[in-house]
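Participant: Below is one structure. I have some questions about it.
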Amino acid sequence: MNIGPIPASLLLMFTSSKSHWLRRPGRSIGVAAIGMIAVALLCSAEVRAATQPTAEQKLKATPFKIAWEAYANGNSDIWIMNADGSGKVNLTQTPNINEHYPQISPDGTKIAFNVDAGEGRSAVRSLWIMDIDGTHRKKIADQAREPFWRPDGKVLGYLPQEYEKFAVIDYYTKGMMFYHLDTGKTEPHVNSANLRHLYHPRFSPNGKWIVSTVHGGMGFSHAILLIQSDGDKIINLKIPGCRPSISPDGQHIAWGSGDHEIDTAPIDTDSDNPSVGPWQMRIQDEKNKVYHIAWSPDGKFVSFSRGPDGEGDLQKKGTFQAACEIIGVYATDWNIFAVPADHPRVVNLETCGPADVEQLTKTGDSNKEPAWFIPAKQGKE
Amino acid sequence: MIRFLSAGMLTAIACLALLSGCKEGASASSSKAAAQPAVEKTASGIEMVSLPGGTFTMGTNEGNPDEGPAHKVTVSPFWIDKYEVTHDQFAKLQLPDPSHWQENLKTPVERVRWRDAKTYCNERSRAEGLTPCYNEKTTEWDCDYSANGYRLPTEAEWEYAARAGSDSLYTGGSPEALRQYAWFATNADQKTHPVGQKKPNAWGIYDMDGNVSEWCEDVYSATYYKQSPAVDPKGPPNPEKDVKRVMRGGNWSAPAEACRVTFRQGQRTGNTDACFATDFCGFRCVRRAPAQQVAQAQPAK
């Protein structure tokens, strides 16, 4: 049982061999009294632990839902569930179509996602949107990847594939496009011609920046960048890793700082020249990979995917072979988890308890790419 | 005066003789060059050196423990790329280029995972109407050595091509001569360089000793030379997932001693790493020689 923090001075009192006063005669009553106080404190800590809400309870108290992708019954579909992992619903149920990478519109009414069709290098990855209940599917573009919503919900950004032939690798992109939902027209980012090999882009909540990873492109070896959303300014945030995401208040960034770590750190996206401060929370797992960080709408939780290293399973129809965190690659034994993100600390997933983490999916069937949202009704309130 | 003229004439004759000697030397060199392996241009315009196959001493007893024992190996005829695979060749096949340095399209690709290299081989085979060597449906992309398409060299093929008939551990004969043949830590300025700028080895193959290290097909084993077969060795069997594969040749960051033709390293394939960042991992392709060339080589064996 987690007994919570015990005052260091108290621990020192009982463990230090130099506490001579404890051994002095005539102090036995005092010692007994202190001992009783200590026991009382420990008991109260245990009581606190027993009454401390678990991550599951905290998640259950929120109005949020999470969309994610999972491979079940021979294909990849998009699912939604409550934030505590209950109420799972398969939204797509398309046995011959593989849906991936759900991204929910800020008002919680639409889902943008990728569809993979075909095999090998003749496969096509296309971009679609549908209503939050899975109806009204509409294709936006072929050879289009990794959609991301502008905070006003009127524009859907995406990354065009670099060449016509298919490759599963995530940085196989060139340029950046904006699809306007009201007109149905698409226009390039003003600096699109100079953008290459970006992946996992996200708008900052103020709409000023697009945060993205780049690999072997734009003169960068590998970097996490802030790209001005309506200009040509590009800032290298100089943090290692990939797949960044800005918190809903625009004051924190979360990203995968390695295969086995996710970090959060302060950042001021209202600034004209944002930079990243020292890390505040670190989620780590020495055995498994942790990827696909996503903030809850109130910024109090982060969710992520977690599972063992691998490079896919070619027996799974419609999937590809590469690192298993990549879109379109089957990830064996991968599940979705959530962690409260409300105070600085290290969360070691191999040792932490139910107060620190909740496992939201259990099937291990390539559960990846969680995306939080406020269901439309609550969102409008 | 006569004596003087005679002396002058003698000098002139001596000079002529010397010049003649030089010319003779040049023609000897030309005749050596004429004996060099032929260069073939493939359907996609890539130059390959056609190696006749033969027997050579692989490894050394004077290097690291994994470089020995030195042993006789026979390889069948094959063609090998004259240059390391470059960015423009990757782009032509519409493949994602993961490289660190891409400003010059004629620099070699690097940060290439083992499977990226194999993907390139298969795509190049398809582009030229050849049969791909790699079975993409198997976990390790098993190699069909009898197919006529492109593949990575075996470690033995690589060393045979790198030695180019020489017994020296260094191309050019010594570590000091390496500057003429290779981009390595001493002269590379911490980056790759366009292929073909240094001298080729005696068989006309460029950058075998530097620029980027090159993937081979074999599973890496430090003790393999103790039991490897004498004819066309293909490395030990694959004992587990994500084993190390052989990588040969020096690179822009390697010291001279790591550029000797026998130097071996085992490198993780990077296949499960989405952002493989080892920026000295490149490759070049080989393919089996046409049947006619193989038949001609048989009597020589």
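Just remember, in the structure tokens the first chain shown is A, the second B, etc., residues are 1-based per chain, and ligands are 1-based in the order shown.
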For Leu360 in chain A, please output as a PyMOL selection string all residues within 12 Å (counting only C-alpha atoms; exclusion window: fewer than 3 positions along the same chain).
Facilitator: chain A and resi 55-56+59-60+65-68+80-88+303-306+334-339+357+363-364+367-368+370
Participant: Take the residues that were just selected and, keeping N, CA and C atoms, output them as a JSON list (two decimals), in the first residue's frame.
Facilitator:
[["chain", "number", "residue", "atom", "x", "y", "z"],
["A", 55, "ALA", "N", -6.12, 6.95, -9.94],
["A", 55, "ALA", "CA", -6.17, 7.60, -11.25],
["A", 55, "ALA", "C", -7.49, 7.27, -11.94],
["A", 56, "GLU", "N", -7.93, 6.02, -11.75],
["A", 56, "GLU", "CA", -9.19, 5.61, -12.36],
["A", 56, "GLU", "C", -10.35, 6.46, -11.83],
["A", 59, "LEU", "N", -10.19, 9.89, -13.25],
["A", 59, "LEU", "CA", -10.59, 9.90, -14.67],
["A", 59, "LEU", "C", -12.10, 9.75, -14.80],
["A", 60, "LYS", "N", -12.65, 8.92, -13.92],
["A", 60, "LYS", "CA", -14.09, 8.68, -13.96],
["A", 60, "LYS", "C", -14.88, 9.97, -13.68],
["A", 65, "LYS", "N", -13.78, 12.03, -23.09],
["A", 65, "LYS", "CA", -13.68, 10.75, -23.79],
["A", 65, "LYS", "C", -12.36, 10.70, -24.53],
["A", 66, "ILE", "N", -12.01, 9.52, -24.93],
["A", 66, "ILE", "CA", -10.75, 9.33, -25.67],
["A", 66, "ILE", "C", -11.05, 8.49, -26.91],
["A", 67, "ALA", "N", -10.55, 8.98, -28.05],
["A", 67, "ALA", "CA", -10.58, 8.18, -29.28],
["A", 67, "ALA", "C", -9.21, 7.54, -29.46],
["A", 68, "TRP", "N", -9.17, 6.40, -30.08],
["A", 68, "TRP", "CA", -7.88, 5.76, -30.36],
["A", 68, "TRP", "C", -8.04, 4.75, -31.47],
["A", 80, "ILE", "N", -13.91, 4.80, -29.52],
["A", 80, "ILE", "CA", -13.94, 5.83, -28.46],
["A", 80, "ILE", "C", -14.31, 5.15, -27.14],
["A", 81, "MET", "N", -13.88, 5.76, -26.06],
["A", 81, "MET", "CA", -14.19, 5.24, -24.71],
["A", 81, "MET", "C", -14.26, 6.42, -23.75],
["A", 82, "ASN", "N", -14.82, 6.16, -22.59],
["A", 82, "ASN", "CA", -14.78, 7.16, -21.53],
["A", 82, "ASN", "C", -13.35, 7.29, -21.02],
["A", 83, "ALA", "N", -13.07, 8.38, -20.35],
["A", 83, "ALA", "CA", -11.69, 8.64, -19.93],
["A", 83, "ALA", "C", -11.16, 7.59, -18.97],
["A", 84, "ASP", "N", -12.06, 6.88, -18.27],
["A", 84, "ASP", "CA", -11.59, 5.83, -17.34],
["A", 84, "ASP", "C", -11.49, 4.47, -18.01],
["A", 85, "GLY", "N", -11.74, 4.42, -19.32],
["A", 85, "GLY", "CA", -11.60, 3.16, -20.06],
["A", 85, "GLY", "C", -12.91, 2.41, -20.22],
["A", 86, "SER", "N", -13.98, 2.91, -19.63],
["A", 86, "SER", "CA", -15.27, 2.23, -19.76],
["A", 86, "SER", "C", -15.97, 2.68, -21.05],
["A", 87, "GLY", "N", -17.01, 1.93, -21.43],
["A", 87, "GLY", "CA", -17.87, 2.34, -22.54],
["A", 87, "GLY", "C", -17.20, 2.36, -23.89],
["A", 88, "LYS", "N", -16.44, 1.33, -24.20],
["A", 88, "LYS", "CA", -15.73, 1.31, -25.48],
["A", 88, "LYS", "C", -16.68, 1.04, -26.64],
["A", 303, "SER", "N", -2.44, 10.99, -21.71],
["A", 303, "SER", "CA", -2.58, 9.59, -22.08],
["A", 303, "SER", "C", -1.46, 9.25, -23.06],
["A", 304, "PHE", "N", -1.21, 7.96, -23.21],
["A", 304, "PHE", "CA", -0.13, 7.53, -24.10],
["A", 304, "PHE", "C", -0.32, 6.07, -24.43],
["A", 305, "SER", "N", 0.44, 5.61, -25.42],
["A", 305, "SER", "CA", 0.45, 4.18, -25.77],
["A", 305, "SER", "C", 1.72, 3.57, -25.18],
["A", 306, "ARG", "N", 1.61, 2.30, -24.84],
["A", 306, "ARG", "CA", 2.74, 1.64, -24.19],
["A", 306, "ARG", "C", 2.76, 0.17, -24.59],
["A", 334, "TRP", "N", 0.33, -3.67, -27.24],
["A", 334, "TRP", "CA", 0.30, -2.23, -26.92],
["A", 334, "TRP", "C", -1.08, -1.84, -26.41],
["A", 335, "ASN", "N", -1.07, -1.01, -25.36],
["A", 335, "ASN", "CA", -2.31, -0.53, -24.75],
["A", 335, "ASN", "C", -2.23, 0.95, -24.46],
["A", 336, "ILE", "N", -3.42, 1.51, -24.12],
["A", 336, "ILE", "CA", -3.52, 2.94, -23.80],
["A", 336, "ILE", "C", -3.52, 3.12, -22.28],
["A", 337, "PHE", "N", -2.80, 4.09, -21.82],
["A", 337, "PHE", "CA", -2.71, 4.40, -20.39],
["A", 337, "PHE", "C", -2.96, 5.90, -20.18],
["A", 338, "ALA", "N", -3.30, 6.25, -18.95],
["A", 338, "ALA", "CA", -3.44, 7.68, -18.59],
["A", 338, "ALA", "C", -2.82, 7.92, -17.24],
["A", 339, "VAL", "N", -2.25, 9.11, -17.10],
["A", 339, "VAL", "CA", -1.54, 9.49, -15.88],
["A", 339, "VAL", "C", -1.97, 10.90, -15.48],
["A", 357, "VAL", "N", -1.35, 5.79, -12.26],
["A", 357, "VAL", "CA", -1.57, 5.41, -13.65],
["A", 357, "VAL", "C", -2.80, 4.51, -13.75],
["A", 363, "THR", "N", -6.68, -5.21, -24.34],
["A", 363, "THR", "CA", -6.61, -6.25, -25.37],
["A", 363, "THR", "C", -5.20, -6.44, -25.92],
["A", 364, "GLY", "N", -4.38, -5.40, -25.89],
["A", 364, "GLY", "CA", -3.04, -5.49, -26.47],
["A", 364, "GLY", "C", -3.04, -5.54, -27.99],
["A", 367, "ASN", "N", -3.29, -1.02, -29.66],
["A", 367, "ASN", "CA", -4.01, 0.17, -29.19],
["A", 367, "ASN", "C", -3.03, 1.34, -29.20],
["A", 368, "LYS", "N", -3.31, 2.32, -30.03],
["A", 368, "LYS", "CA", -2.35, 3.43, -30.22],
["A", 368, "LYS", "C", -3.08, 4.74, -30.46],
["A", 370, "PRO", "N", -3.95, 7.74, -28.80],
["A", 370, "PRO", "CA", -5.12, 8.28, -28.09],
["A", 370, "PRO", "C", -5.29, 9.78, -28.36]]
Participant: Write down as a VMD selection string the residues belonging to range 101-248 of chain B that are assigned strand (DSSP E or B) by DSSP computed on the backbone.
Facilitator: chain B and resid 108 134 143 150 to 151 213 to 219 231 244 to 248
Participant: Distance limit 7 Å, atoms considered: only C-alpha atoms. Which chain A residues sit that close to chain B? Return them as number ranges by chain.
Facilitator: A: 163, 165, 172, 215-216, 221, 309-311, 314, 322-324
Participant: Might you pull out every residue within 10 Å of Gly134 in chain A, with only C-alpha atoms counted and same-chain residues fewer than 6 positions away left off, and present them as a VMD selection string?
Facilitator: chain A and resid 78 to 79 90 to 93 110 to 111
Participant: So that I can check the surroundings of Cys242 in chain A, please list as an mmCIF file with N, CA, C and O atoms, in the first residue's frame every protein, DNA and RNA residue that reaches within 8 Å of it, counting only C-alpha atoms and ignoring chain neighbours fewer than 2 positions away.
Facilitator:
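File produced: out.cif:
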data_model
loop_
_atom_site.group_PDB
_atom_site.id
_atom_site.type_symbol
_atom_site.label_atom_id
_atom_site.label_comp_id
_atom_site.auth_asym_id
_atom_site.auth_seq_id
_atom_site.Cartn_x
_atom_site.Cartn_y
_atom_site.Cartn_z
ATOM 1 N N SER A 212 6.042 20.376 -34.341
ATOM 2 C CA SER A 212 6.194 19.176 -35.162
ATOM 3 C C SER A 212 7.606 18.615 -35.032
ATOM 4 O O SER A 212 8.540 19.335 -34.685
ATOM 5 N N THR A 213 7.740 17.348 -35.351
ATOM 6 C CA THR A 213 9.075 16.742 -35.452
ATOM 7 C C THR A 213 9.518 16.804 -36.903
ATOM 8 O O THR A 213 8.689 16.742 -37.820
ATOM 9 N N ALA A 223 14.837 17.096 -35.212
ATOM 10 C CA ALA A 223 14.542 18.187 -34.270
ATOM 11 C C ALA A 223 13.047 18.271 -34.017
ATOM 12 O O ALA A 223 12.236 17.755 -34.784
ATOM 13 N N ILE A 224 12.712 18.912 -32.908
ATOM 14 C CA ILE A 224 11.329 19.306 -32.648
ATOM 15 C C ILE A 224 11.252 20.809 -32.902
ATOM 16 O O ILE A 224 12.028 21.584 -32.330
ATOM 17 N N PRO A 240 15.493 16.732 -27.304
ATOM 18 C CA PRO A 240 15.635 15.472 -28.034
ATOM 19 C C PRO A 240 14.299 14.740 -28.121
ATOM 20 O O PRO A 240 13.451 14.915 -27.249
ATOM 21 N N PRO A 244 5.727 15.906 -30.308
ATOM 22 C CA PRO A 244 5.392 16.880 -29.264
ATOM 23 C C PRO A 244 3.912 17.243 -29.277
ATOM 24 O O PRO A 244 3.221 17.098 -30.285
ATOM 25 N N TRP A 255 6.383 15.526 -24.779
ATOM 26 C CA TRP A 255 6.953 14.873 -25.958
ATOM 27 C C TRP A 255 7.674 13.600 -25.548
ATOM 28 O O TRP A 255 8.025 13.426 -24.376
ATOM 29 N N GLY A 256 7.899 12.755 -26.500
ATOM 30 C CA GLY A 256 8.662 11.544 -26.240
ATOM 31 C C GLY A 256 10.136 11.878 -26.318
ATOM 32 O O GLY A 256 10.665 12.115 -27.401
ATOM 33 N N SER A 257 10.792 11.888 -25.174
ATOM 34 C CA SER A 257 12.205 12.272 -25.180
ATOM 35 C C SER A 257 13.110 11.087 -25.507
ATOM 36 O O SER A 257 14.316 11.245 -25.663
ATOM 37 N N GLY A 258 12.514 9.935 -25.603
ATOM 38 C CA GLY A 258 13.235 8.717 -25.993
ATOM 39 C C GLY A 258 12.192 7.637 -26.193
ATOM 40 O O GLY A 258 10.998 7.869 -25.983
#
Participant: Residues at most 12 Å from Asp131 in chain A, counting only C-alpha atoms, excluding those fewer than 3 positions away in the same chain, as a list of chain:residue names?
Facilitator: A:Leu91, A:Thr92, A:Pro102, A:Gln103, A:Ile104, A:Ser105, A:Asp107, A:Gly108, A:Thr109, A:Lys110, A:Ile111, A:Ala112, A:Phe113, A:Trp128, A:Gly134, A:Thr135, A:His136, A:Arg137, A:Lys138, A:Pro375, A:Ala376
Participant: Could you give me, as an MDAnalysis selection string, the residues within 8 Å of Lys106 in chain B, counting only C-alpha atoms and dropping anything in the same chain fewer than 2 positions from it?
Facilitator: chainID B and resid 86:88 104 108 194:195
Participant: Might you pull out every residue within 12 Å of range 226-232 of chain A, with only C-alpha atoms counted and same-chain residues fewer than 5 positions away left off, and present them as a ChimeraX atom specification?
Facilitator: /A:149-151,155,157,176-178,187-195,198,201-214,218,237-239,244-246,253,267-276
Participant: Ranking A:Val124, A:Ala70, A:Ala61, A:Val115 by minimum distance to Ser366 in chain A and counting only C-alpha atoms, which one comes first?
Facilitator: A:Ala70
Participant: Could you state the separation of CA of Asn148 in chain B and CA of Ala167 in chain A in Å, given to one decimal place?
Facilitator: 24.3 Å
